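Remarks on the structure that follows.
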Amino acid sequence: MNIVPNASYSFTLRLEIPNRVGMLSRVMQAISEAGGDLGAIDIVQATRDTMIRDITVAAGDEAHAEAIAEKVKEISDVHVVNFSDRTFLLHLGGKISVHSKTPLKTRDQLSMAYTPGVARVCLAIAEDKAKAYSLTIKSNTVAVVSDGTAVLGLGDIGPEAAMPVMEGKAMLFKEFGQVDAFPICLDTKDTEEIIRIVKAIAPGFGGINLEDISAPRCFEIEERLVKELDIPVMHDDQHGTAVVVLAALLNALKVTGKQPEDIKVVVSGVGASGVACSKIIMAAGVKNIIGADRNGAIYRGRVENMNNMKEWYAENTNPQGLKGSLSDVIEGADVFLGLSGPGTFSVEMLKKMSKDPIVFALANPTPEILPEDAAPYVKVMATGRSDYPNQINNVLCFPGIFRGALDCRASVINEEMKLAAARAIQTIITDEELSPDYIIPSVFDKRVAPAVAKAVVEAAYETGVAKRERKPSAAQETAAMH
């Protein structure tokens with residue numbers, strides 16, 4: 001499998017190099033021969049005899065990074081002063097912090113922000129709990145809750161090890177949705193205890209984002225919390241992925257000239273995201289979906305490796321009752337949706353698909369099939385990675401969904417709101433812009449989160465789940481006057 005250098009395995013070499021012509025070229029050549037991708041080259045210190053430089057290099061993995069550094073060390077007269085992993089440096093001390101919104105520099109300010117003035121605000125909320133939305137951080141705050149059992153690409157690594165991911169999620173909430181989010185990693189895998197803890201902390205939050213909780217427990221945890229809390233709860237691994245997949249699929253179908261009701265979709269991986277993706281594309285009109293796991297196709301009557309959610313899947317998908325391996329059921333498929341693991345989809349399987357196949361290989365960091373291998377046979381290709389076109393990334397979804405849900409104080413995030421979010425993401429790309437390599441907006445497209453938030457708010461009011469009184473538009477006010 002090809003090693004593609006990328007920023008997540010980038011590092012900085014601090015080198016002491018003799019200050020003479022040709023030495024830097026020798027270093028650059030060594031890095032290039034080792035397969036490294038050169039980045040910035042900075043001078044730290046210079047004397048008549050030596051030059052200290054920081055050289056940034058991208059590698060394909062940790063072993064590749066070490067091999068590049070060893071290649072540089074082999075150059076005579078070049079001394080490696082320091083090797084710094086840029087990703088670890090970014091995480092030093094954590095990635096988020098809490099800042100005061102108002103200064104505390106005088107006695108007056110202190111007496112209003114804290115005792116004794118704060119007591120009056122507390123009593124106002126005690127009399128009317130709804131005032132917590134206007135007088136505390138509740139109206140703009142989401143808890144990112146995980147037990148660390150299903151961290152993307154890593155599995156069950158525990159709550160402490162899951163914290164960097166949850167901190168990253170909080171950063172994305174703030175950067176793209178202006179939502180304040182707090183990472184909360186729980187040292188328990190007990191379903192009832194997780195539900196109890198989340199319900200206990202809910203008064204301080206306007207929404208709950210469940211993250212990286214393993215299936216099938218995640219289904220019950222989300223379902224129970226949605227029913228038992230009056231604030232929006234969403235398991236992003238399920239629904240965030242599903243929303244973005246639907247948006248990308250609708251545009252991919254436009255590229256191929258196919259209709260949702262006419263296509264055959266094969267889903268590899270029937271966990272949390274696989275089930276949610278299947279449900280949302282069914283809601284959008286897809287009728288023929290076949291799911292496959294390690295034991296092959298899921299069909300009505302299968303008994304091996306089943307659970308409650310797979311039982312539902314067997315009853316509601318695979319209308320022809322196909323059996324066999326992934327390779328068997330992929331025959332004639334229009335869409336392959338991979339939510340499983342690296343290398344599970346082969347070129348031989350791809351060749352069995354229908355004309356102009358669509359392949360979404362979303363396993364991270366290594367997809368089910370590499371785009372380079374699929375290129376000669378695929379019409380539209382998408383992955384979960386940022387170094388290929390058409391990145392399916394949840395950040396296109398969850399900041400805008402929660403922004404909208406918080407703005408209208410929605411009690412739930414329902415199916416209509418998710419479908420509206422998908423349509424909003426889809427329509428960011430115009431028909432003129434649409435192409436096989438551009439079916440989904442960039443994660444840095446600043447139009448996405450506001451468009452998703454607006455669509456979610458509209459859907460919330462239309463379905464009656466918004467608790468905030470809606471102010472009439474200027475046009476409505478003018479019409480009422482006449």
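All residue names refer to the structure tokens as shown: chains lettered A, B, ... in order, residues numbered from 1 in each chain, ligands numbered from 1 in order.
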Taking 4 positions as the minimum chain separation for residues in the same chain, which residues sit within 7 Å of region 392-403 of chain A when counting only C-alpha atoms? Answer as a list in words.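 These residues fall inside the cut-off: Leu172, Phe173, Phe176, Gly177, Val179, Gly240, Thr241, Val243, Val244, Val245, Ala382, Thr383, Gly384, Asp407, Ala421, Val443, Val448, Ala449, Pro450, Val452, Ala453 and Val456 of chain A.
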Atoms to include: N, CA and C atoms. Write the selected residues as a PDB file, in the first residue's frame.
```
ATOM      1  N   LEU A 172     -13.690  22.287  16.778  1.00  0.00           N
ATOM      2  CA  LEU A 172     -14.460  22.394  15.544  1.00  0.00           C
ATOM      3  C   LEU A 172     -15.811  23.058  15.787  1.00  0.00           C
ATOM      4  N   PHE A 173     -16.450  22.726  16.915  1.00  0.00           N
ATOM      5  CA  PHE A 173     -17.705  23.387  17.273  1.00  0.00           C
ATOM      6  C   PHE A 173     -17.516  24.907  17.320  1.00  0.00           C
ATOM      7  N   PHE A 176     -16.294  26.505  13.615  1.00  0.00           N
ATOM      8  CA  PHE A 176     -17.235  26.504  12.496  1.00  0.00           C
ATOM      9  C   PHE A 176     -18.663  26.885  12.884  1.00  0.00           C
ATOM     10  N   GLY A 177     -19.041  26.726  14.165  1.00  0.00           N
ATOM     11  CA  GLY A 177     -20.404  27.039  14.558  1.00  0.00           C
ATOM     12  C   GLY A 177     -20.528  28.073  15.647  1.00  0.00           C
ATOM     13  N   VAL A 179     -20.057  27.629  18.654  1.00  0.00           N
ATOM     14  CA  VAL A 179     -20.690  26.942  19.773  1.00  0.00           C
ATOM     15  C   VAL A 179     -19.609  26.579  20.789  1.00  0.00           C
ATOM     16  N   GLY A 240     -24.220  12.518  12.029  1.00  0.00           N
ATOM     17  CA  GLY A 240     -23.360  13.464  11.320  1.00  0.00           C
ATOM     18  C   GLY A 240     -22.819  12.845  10.050  1.00  0.00           C
ATOM     19  N   THR A 241     -22.325  11.613  10.170  1.00  0.00           N
ATOM     20  CA  THR A 241     -21.841  10.895   8.995  1.00  0.00           C
ATOM     21  C   THR A 241     -22.954  10.718   7.972  1.00  0.00           C
ATOM     22  N   VAL A 243     -25.717  12.456   7.438  1.00  0.00           N
ATOM     23  CA  VAL A 243     -26.114  13.703   6.774  1.00  0.00           C
ATOM     24  C   VAL A 243     -25.146  14.056   5.654  1.00  0.00           C
ATOM     25  N   VAL A 244     -23.850  13.973   5.928  1.00  0.00           N
ATOM     26  CA  VAL A 244     -22.852  14.345   4.920  1.00  0.00           C
ATOM     27  C   VAL A 244     -22.823  13.321   3.786  1.00  0.00           C
ATOM     28  N   VAL A 245     -22.989  12.042   4.115  1.00  0.00           N
ATOM     29  CA  VAL A 245     -23.044  11.005   3.080  1.00  0.00           C
ATOM     30  C   VAL A 245     -24.222  11.254   2.144  1.00  0.00           C
ATOM     31  N   ALA A 382     -15.108   9.097  -3.223  1.00  0.00           N
ATOM     32  CA  ALA A 382     -15.021   9.938  -2.028  1.00  0.00           C
ATOM     33  C   ALA A 382     -14.365   9.139  -0.905  1.00  0.00           C
ATOM     34  N   THR A 383     -13.658   9.830  -0.031  1.00  0.00           N
ATOM     35  CA  THR A 383     -13.042   9.212   1.145  1.00  0.00           C
ATOM     36  C   THR A 383     -13.297  10.096   2.352  1.00  0.00           C
ATOM     37  N   GLY A 384     -12.756   9.670   3.492  1.00  0.00           N
ATOM     38  CA  GLY A 384     -12.836  10.501   4.692  1.00  0.00           C
ATOM     39  C   GLY A 384     -11.605  11.353   4.888  1.00  0.00           C
ATOM     40  N   ASP A 407     -30.131  27.815  18.436  1.00  0.00           N
ATOM     41  CA  ASP A 407     -30.741  29.116  18.127  1.00  0.00           C
ATOM     42  C   ASP A 407     -32.257  29.100  18.290  1.00  0.00           C
ATOM     43  N   ALA A 421     -30.566  19.490   6.744  1.00  0.00           N
ATOM     44  CA  ALA A 421     -29.129  19.768   6.808  1.00  0.00           C
ATOM     45  C   ALA A 421     -28.418  19.190   5.595  1.00  0.00           C
ATOM     46  N   VAL A 443     -14.424  21.566   3.879  1.00  0.00           N
ATOM     47  CA  VAL A 443     -14.721  21.790   5.298  1.00  0.00           C
ATOM     48  C   VAL A 443     -14.454  23.243   5.693  1.00  0.00           C
ATOM     49  N   VAL A 448     -21.122  26.880   4.610  1.00  0.00           N
ATOM     50  CA  VAL A 448     -21.788  25.636   4.980  1.00  0.00           C
ATOM     51  C   VAL A 448     -22.526  25.738   6.310  1.00  0.00           C
ATOM     52  N   ALA A 449     -21.824  26.064   7.399  1.00  0.00           N
ATOM     53  CA  ALA A 449     -22.450  26.062   8.731  1.00  0.00           C
ATOM     54  C   ALA A 449     -23.661  26.997   8.807  1.00  0.00           C
ATOM     55  N   PRO A 450     -23.581  28.251   8.296  1.00  0.00           N
ATOM     56  CA  PRO A 450     -24.778  29.104   8.333  1.00  0.00           C
ATOM     57  C   PRO A 450     -25.940  28.534   7.523  1.00  0.00           C
ATOM     58  N   VAL A 452     -26.551  25.331   6.889  1.00  0.00           N
ATOM     59  CA  VAL A 452     -27.091  24.187   7.637  1.00  0.00           C
ATOM     60  C   VAL A 452     -27.923  24.680   8.816  1.00  0.00           C
ATOM     61  N   ALA A 453     -27.404  25.655   9.555  1.00  0.00           N
ATOM     62  CA  ALA A 453     -28.129  26.187  10.714  1.00  0.00           C
ATOM     63  C   ALA A 453     -29.482  26.751  10.305  1.00  0.00           C
ATOM     64  N   VAL A 456     -31.883  23.924   9.420  1.00  0.00           N
ATOM     65  CA  VAL A 456     -32.281  23.194  10.631  1.00  0.00           C
ATOM     66  C   VAL A 456     -33.330  23.983  11.409  1.00  0.00           C
TER      67      VAL A 456
END
```
Give the strand (DSSP E) residues of region 204-294 of chain A, as DSSP finds them on the backbone, and put them as an mmCIF file with N, CA and C atoms, in the first residue's frame.
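As a result, result.cif now contains:
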```cif
data_model
loop_
_atom_site.group_PDB
_atom_site.id
_atom_site.type_symbol
_atom_site.label_atom_id
_atom_site.label_comp_id
_atom_site.auth_asym_id
_atom_site.auth_seq_id
_atom_site.Cartn_x
_atom_site.Cartn_y
_atom_site.Cartn_z
ATOM 1 N N GLY A 207 -27.231 21.320 24.641
ATOM 2 C CA GLY A 207 -27.294 20.160 23.765
ATOM 3 C C GLY A 207 -26.257 19.138 24.172
ATOM 4 N N ILE A 208 -26.446 17.890 23.723
ATOM 5 C CA ILE A 208 -25.528 16.789 24.029
ATOM 6 C C ILE A 208 -25.079 16.155 22.716
ATOM 7 N N ASN A 209 -23.769 16.150 22.491
ATOM 8 C CA ASN A 209 -23.191 15.468 21.331
ATOM 9 C C ASN A 209 -22.517 14.187 21.818
ATOM 10 N N LEU A 210 -23.126 13.051 21.531
ATOM 11 C CA LEU A 210 -22.531 11.758 21.881
ATOM 12 C C LEU A 210 -21.491 11.393 20.831
ATOM 13 N N VAL A 233 -30.166 15.917 21.514
ATOM 14 C CA VAL A 233 -29.126 14.908 21.712
ATOM 15 C C VAL A 233 -28.852 14.264 20.359
ATOM 16 N N MET A 234 -27.583 14.156 19.983
ATOM 17 C CA MET A 234 -27.251 13.519 18.711
ATOM 18 C C MET A 234 -25.956 12.733 18.839
ATOM 19 N N HIS A 235 -25.979 11.489 18.376
ATOM 20 C CA HIS A 235 -24.761 10.692 18.286
ATOM 21 C C HIS A 235 -24.145 10.987 16.922
ATOM 22 N N LYS A 264 -28.837 0.533 -6.737
ATOM 23 C CA LYS A 264 -28.512 -0.519 -5.768
ATOM 24 C C LYS A 264 -27.306 -0.053 -4.970
ATOM 25 N N VAL A 265 -27.448 -0.035 -3.647
ATOM 26 C CA VAL A 265 -26.389 0.424 -2.751
ATOM 27 C C VAL A 265 -25.930 -0.742 -1.888
ATOM 28 N N VAL A 266 -24.623 -0.965 -1.833
ATOM 29 C CA VAL A 266 -24.059 -1.972 -0.937
ATOM 30 C C VAL A 266 -23.270 -1.262 0.155
ATOM 31 N N VAL A 267 -23.612 -1.544 1.405
ATOM 32 C CA VAL A 267 -22.984 -0.917 2.566
ATOM 33 C C VAL A 267 -22.072 -1.935 3.244
ATOM 34 N N SER A 268 -20.792 -1.599 3.348
ATOM 35 C CA SER A 268 -19.835 -2.471 4.026
ATOM 36 C C SER A 268 -19.585 -1.917 5.426
ATOM 37 N N ASN A 288 -33.161 -0.049 -2.623
ATOM 38 C CA ASN A 288 -32.432 -1.318 -2.682
ATOM 39 C C ASN A 288 -31.067 -1.167 -2.011
ATOM 40 N N ILE A 289 -31.004 -1.526 -0.727
ATOM 41 C CA ILE A 289 -29.771 -1.445 0.060
ATOM 42 C C ILE A 289 -29.447 -2.827 0.598
ATOM 43 N N ILE A 290 -28.200 -3.245 0.439
ATOM 44 C CA ILE A 290 -27.729 -4.503 1.013
ATOM 45 C C ILE A 290 -26.553 -4.197 1.925
ATOM 46 N N GLY A 291 -26.650 -4.572 3.177
ATOM 47 C CA GLY A 291 -25.567 -4.371 4.129
ATOM 48 C C GLY A 291 -24.752 -5.638 4.291
ATOM 49 N N ALA A 292 -23.450 -5.466 4.532
ATOM 50 C CA ALA A 292 -22.578 -6.627 4.744
ATOM 51 C C ALA A 292 -21.623 -6.350 5.889
ATOM 52 N N ASP A 293 -21.382 -7.367 6.701
ATOM 53 C CA ASP A 293 -20.395 -7.284 7.764
ATOM 54 C C ASP A 293 -19.369 -8.402 7.582
#
```
CA of Lys138 (chain A) to CA of Thr115 (chain A), distance in Å rounded to a single decimal: 20.5 Å
Length of the CA of Asp230 (chain A) to CA of Ile213 (chain A) vector [Å]: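 Those two atoms sit 21.4 Å apart.
CA of Gly158 (chain A) lies 7.5 Å from CA of Asp187 (chain A).
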Run DSSP on the backbone and give me the residues of region 104-173 of chain A it puts in alpha helix (DSSP H), as a PyMOL selection string. chain A and resi 107-113+118-127+132-135+159-173
Given only C-alpha atoms as the basis, pick out the residue of A:Ile195, A:Ile298, A:Ala284, A:Met166 nearest to Lys418 (chain A). A:Ala284
Report the closest atom pair, with its distance in Å rounded to one decimal, for each residue of region 77-179 of chain A that has an atom no farther than 12 Å from region 331-348 of chain A; count only C-alpha atoms, sort by chain and then rising residue number, and write it as a Markdown table.
```
| residue | atom | partner | partner_atom | distance |
| --- | --- | --- | --- | --- |
| A:Leu152 | CA | A:Gly341 | CA | 10.5 |
| A:Gly153 | CA | A:Gly341 | CA | 8.2 |
| A:Leu154 | CA | A:Gly341 | CA | 10.9 |
| A:Gly155 | CA | A:Gly341 | CA | 11.5 |
```
For those residues, write N, CA and C atoms to a file as a short mmCIF file (atom, residue, chain, number, x, y, z; two decimals), in the first residue's frame.
```
data_model
loop_
_atom_site.label_atom_id
_atom_site.label_comp_id
_atom_site.auth_asym_id
_atom_site.auth_seq_id
_atom_site.Cartn_x
_atom_site.Cartn_y
_atom_site.Cartn_z
N LEU A 152 -12.56 6.63 16.31
CA LEU A 152 -12.38 6.39 14.89
C LEU A 152 -11.00 5.84 14.57
N GLY A 153 -10.98 4.65 13.96
CA GLY A 153 -9.74 4.03 13.54
C GLY A 153 -8.91 3.42 14.66
N LEU A 154 -9.35 3.60 15.92
CA LEU A 154 -8.56 3.13 17.06
C LEU A 154 -9.31 2.14 17.94
N GLY A 155 -10.64 2.23 17.95
CA GLY A 155 -11.43 1.29 18.74
C GLY A 155 -11.55 1.68 20.19
#
```
With the cut-off set at 12 Å and counting only C-alpha atoms, tabulate each residue of region 347-371 of chain A with an atom at most that distance from an atom of region 4-9 of chain A, showing the nearest atom pair and its distance in Å to one decimal, ordered by chain and increasing number, as JSON lines.
```
{"residue": "A:Pro365", "atom": "CA", "partner": "A:Ser8", "partner_atom": "CA", "distance": 10.3}
{"residue": "A:Thr366", "atom": "CA", "partner": "A:Val4", "partner_atom": "CA", "distance": 10.5}
{"residue": "A:Leu370", "atom": "CA", "partner": "A:Val4", "partner_atom": "CA", "distance": 10.8}
{"residue": "A:Pro371", "atom": "CA", "partner": "A:Val4", "partner_atom": "CA", "distance": 11.8}
```
Please provide the set of residues having any atom within 9 Å of Pro319 (chain A), restricted to only C-alpha atoms, with same-chain residues fewer than 2 positions apart removed, written as a VMD selection string. chain A and resid 287 to 290 299 315 to 317 321 to 322
How would the residues just chosen look if you wrote them out with C-alpha atoms as a PDB file, in the first residue's frame?
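Saved the output as again.pdb:
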```pdb
ATOM      1  CA  LYS A 287     -35.069   1.332  -1.993  1.00  0.00           C
ATOM      2  CA  ASN A 288     -32.432  -1.318  -2.682  1.00  0.00           C
ATOM      3  CA  ILE A 289     -29.771  -1.445   0.060  1.00  0.00           C
ATOM      4  CA  ILE A 290     -27.729  -4.503   1.013  1.00  0.00           C
ATOM      5  CA  TYR A 299     -30.674 -10.848   5.262  1.00  0.00           C
ATOM      6  CA  GLU A 315     -36.156  -6.694   8.162  1.00  0.00           C
ATOM      7  CA  ASN A 316     -35.934  -3.358   6.334  1.00  0.00           C
ATOM      8  CA  THR A 317     -33.211  -3.795   3.689  1.00  0.00           C
ATOM      9  CA  GLY A 321     -32.764 -11.529   0.192  1.00  0.00           C
ATOM     10  CA  LEU A 322     -29.259 -11.741  -1.275  1.00  0.00           C
TER      11      LEU A 322
END
```
